Structures are given as C-alpha cells and as structure tokens.
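J.: Quick one: structure below, then a few questions.
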Amino acid sequence: MIPLKDNAPREGTPFVLWVLVAINGLIFLFEDSLSPAALGRFIRLYAVIPVRYHLFHWTSFLELPARRYFALVTYMFIHGGWLHVIGNMWFLWIFGASVEDRVGHLRFLIFYLLCGIGSVLAYMTLAPGSAIPTLGASGAISGIMGAYIILYPTARVLTLIPVFFLPLLVQIPAIFFVGIWFIFQVLAGTMSFLTPRIDGGVAWWAHAGGFVIGMLLLPLFRERSRESSRSAPFDGHVSHRMS
C-alpha cells in the first residue's frame with residue numbers, strides 16, 4: 001500500500017518538515033558522491049552499530065569506534081539507497097505535516113528526534129550483538145505515525161494498491177492504514193527472529209518501537225492552545241536499514 005495523500009485538516013506551513021526533508025536529501029546526495037571505501041567509513045562513524053554499545057571487546061576486534069553516542073541522532077539522517085530515502089521522506093511528508101501543525105514547529109522537531117532515538121534504543125535492546133549498521137529515518141517517522149493515529153484516527157488516506165499491475169485507488173481510514181502497517185512491522189519482526197538470515201536487512205522492531213514511543217510521548221507535546229482552537233470533532237469524510 002502506497003499512501004498518496006490524506007485529508008487531515010491543516011492550517012500552518014510545515015516548515016520543520018521541509019527542513020528535515022531537505023537535510024535528509026542533501027546528506028544522501030553527499031553519501032552518493034563518496035567512494036565505496038569513504039562511504040563505508042562514513043556509515044561506520046555515523047550509523048548505529050549495536051555491538052559497539054553492548055559488547056566492547058567485540059568493538060575493538062571489529063575495528064569499530066567505541067560507543068559514539070552522537071550516532072543515536074545522526075543515524076536517522078543517512079540512508080542506504082535512493083528508494084530508501086525517497087520512501088522514508090514520502091511517508092514523512094504524508095503523515096508529518098498534520099502532526100507538526102497540531103503540536104507546533106519546535107515541539108515537532110524535538111518529538112521527531114526523541115522518537116528516532118527511542119526507536120533505535122528499542123532495536124538495540126532486542127539485537128545487542130548486531131554488528132550491522134542501523135540507519136535511516138523510519139524509526140522517527142514511525143513515531144510520527146503513532147502520533148498521527150491518535151490525532152487523526154478518522155482521517156482518510158488516499159492509497160495506491162497495485163492489483164495485478166493495475167493501480168487501484170482507495171480511501172482508507174487512517175486508523176486502518178496505520179494499524180495494518182503496524183501489524184505488518186510486528187509480524188515481520190517476529191519472522192526476523194525465527195528466520196534471521198532472510199529478514200531483508202530491515203530493523204522491523206525499530207519501526208514498531210518507534211510507533212509505540214510516538215503514541216506514548218504525544219501527550220507531552222500536544223499544544224493546548226491548538227487543541228482548544230480545534231475542539232470541534234473532525235469528520236474524516238471531509239545495512240540494517242530502517243526502511
């Protein structure tokens with residue numbers, strides 16, 4: 001399922017979202033300009049590699065920089081390919097604008113970063129010995145989707161569903177679209193434990209963890225003035241890479 005647009009109401013301009021998309025795009029262009037060796041060094045430095053935080057003796061054996069706590073932030077701004085960055089930025093564009101409009105610009109930025117940090121910490125808890133770099137914005141975006149489902153459960157998402165190579169356009173209630181997405185992350189994450197060699201290199205549990213963290217953090221970031229101005233109910237009819 002590919003979301004094309006939603007009908008959640010918005011009043012302001014999502015300046016922070018634009019900045020996040022631009023930063024991710026520029027950093028990926030920089031990555032794309034690097035030689036394979038330089039790109040490898042860049043990823044080892046700025047991506048999250050769980051083993052360096054848990055098993056320090058393996059860190060030196062694998063010649064990895066120890067700890068690197070700044071990577072808990074920088075990892076979410078680097079991506080593993082064109083489809084990776086475009087897919088992530090597209091989901092951020094669809095679901096992030098309405099969340100930024102509801103919580104405010106600065107709160108949205110802090111919320112986004114905290115969701116990204118929390119999602120990778122959740123993944124590191126479940127895969128402490130992994131030496132595979134974890135990178136991408138989807139953990140943070142998963143948190144945005146967790147917030148979205150609480151703020152706009154009755155919104156509708158225009159969705160493209162390929163059916164035997166034919167495009168089918170349907171309007172899906174947001175609670176079902178995001179709910180199905182979350183269930184898929186949990187099922188795929190469970191399968192990755194059972195068949196770790198064919199998990200596709202996606203940190204599924206970072207997605208699921210980010211989603212839950214976004215739902216839990218949202219009450220701390222909702223702006224009361226914006227909530228009161230919209231008191232009327234909304235009618236919806238009007239590398240591991242974190243991909």
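If you're wondering about the labels, chains in the structure tokens are A, B, ... by order shown, residues count from 1 in each chain, ligands from 1 in order shown.
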Identify, on the basis of only C-alpha atoms, every residue whose closest approach to Gly12 of chain A does not exceed 9 Å; exclude the query and any residue fewer than 3 positions from it along the same chain; express the result as a ChimeraX atom specification.
T.: /A:15,97,100-101
J.: I need the residues from that last selection saved to file as a PDB file, in the first residue's frame (with C-alpha atoms), if you can.
T.:
ATOM      1  CA  PHE A  15       8.498  24.430   7.988  1.00  0.00           C
ATOM      2  CA  ALA A  97       2.680  17.783   8.137  1.00  0.00           C
ATOM      3  CA  GLU A 100       3.586  19.373  13.036  1.00  0.00           C
ATOM      4  CA  ASP A 101       0.513  21.523  12.517  1.00  0.00           C
TER       5      ASP A 101
END
J.: Extract, using only C-alpha atoms, all DNA, RNA and protein residues at most 12 Å from Thr13 of chain A, discarding same-chain residues fewer than 4 positions from it, and format them as a list in words.
T.: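 Neighbouring residues, sequence-local ones excluded: Pro9, Leu17, Trp18, Val19, Gly96, Ala97, Ser98, Val99, Glu100, Asp101, Arg102, Gly104 and His105 of chain A.
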J.: Closest to Arg52 of chain A among A:Ile132, A:Ala22, A:Val16, A:Ala155, using only C-alpha atoms?
T.: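 For Arg52 of chain A, the nearest of the given residues is A:Ile132.
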J.: Provide the atom CA of Gly136 of chain A to atom CA of Lys5 of chain A distance in Å, to one decimal place.
T.: 22.2 Å
J.: Could you check which of A:Leu34, A:Ala188, A:Ser142, A:Asn7 is closest to Arg156 of chain A, using only C-alpha atoms?
T.: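 When distances to Arg156 of chain A are compared using only C-alpha atoms, the smallest one comes from A:Asn7.
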J.: Restricting the calculation to only C-alpha atoms, which member of A:Leu26, A:Leu168, A:Val21, A:Leu135 is positioned closest to Trp90 of chain A?
T.: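 Of A:Leu26, A:Leu168, A:Val21, A:Leu135, the one nearest Trp90 of chain A is A:Val21, counting only C-alpha atoms.
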J.: Do you have the atom CA of Ala71 of chain A-atom CA of Phe193 of chain A distance handy?
T.: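 Straight-line distance from atom CA of Ala71 of chain A to atom CA of Phe193 of chain A works out to 24.9 Å.
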J.: May I ask for the distance between atom CA of Met191 of chain A and atom CA of Val157 of chain A, given in Å to one decimal place?
T.: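 Rounded to one decimal, the two atoms are 27.9 Å apart.
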J.: Considering only C-alpha atoms, return as a PyMOL selection string whatever protein or nucleic-acid residues lie within 10 Å of Val212 of chain A, sequence-local ones (same chain, fewer than 6 positions apart) excluded.
T.: chain A and resi 115+118-119+142-147+182+206
J.: Considering only C-alpha atoms, state which residue in the set A:Asp32, A:Phe111, A:Arg44, A:Ala37 is at the smallest distance from Gly81 of chain A.
T.: A:Asp32
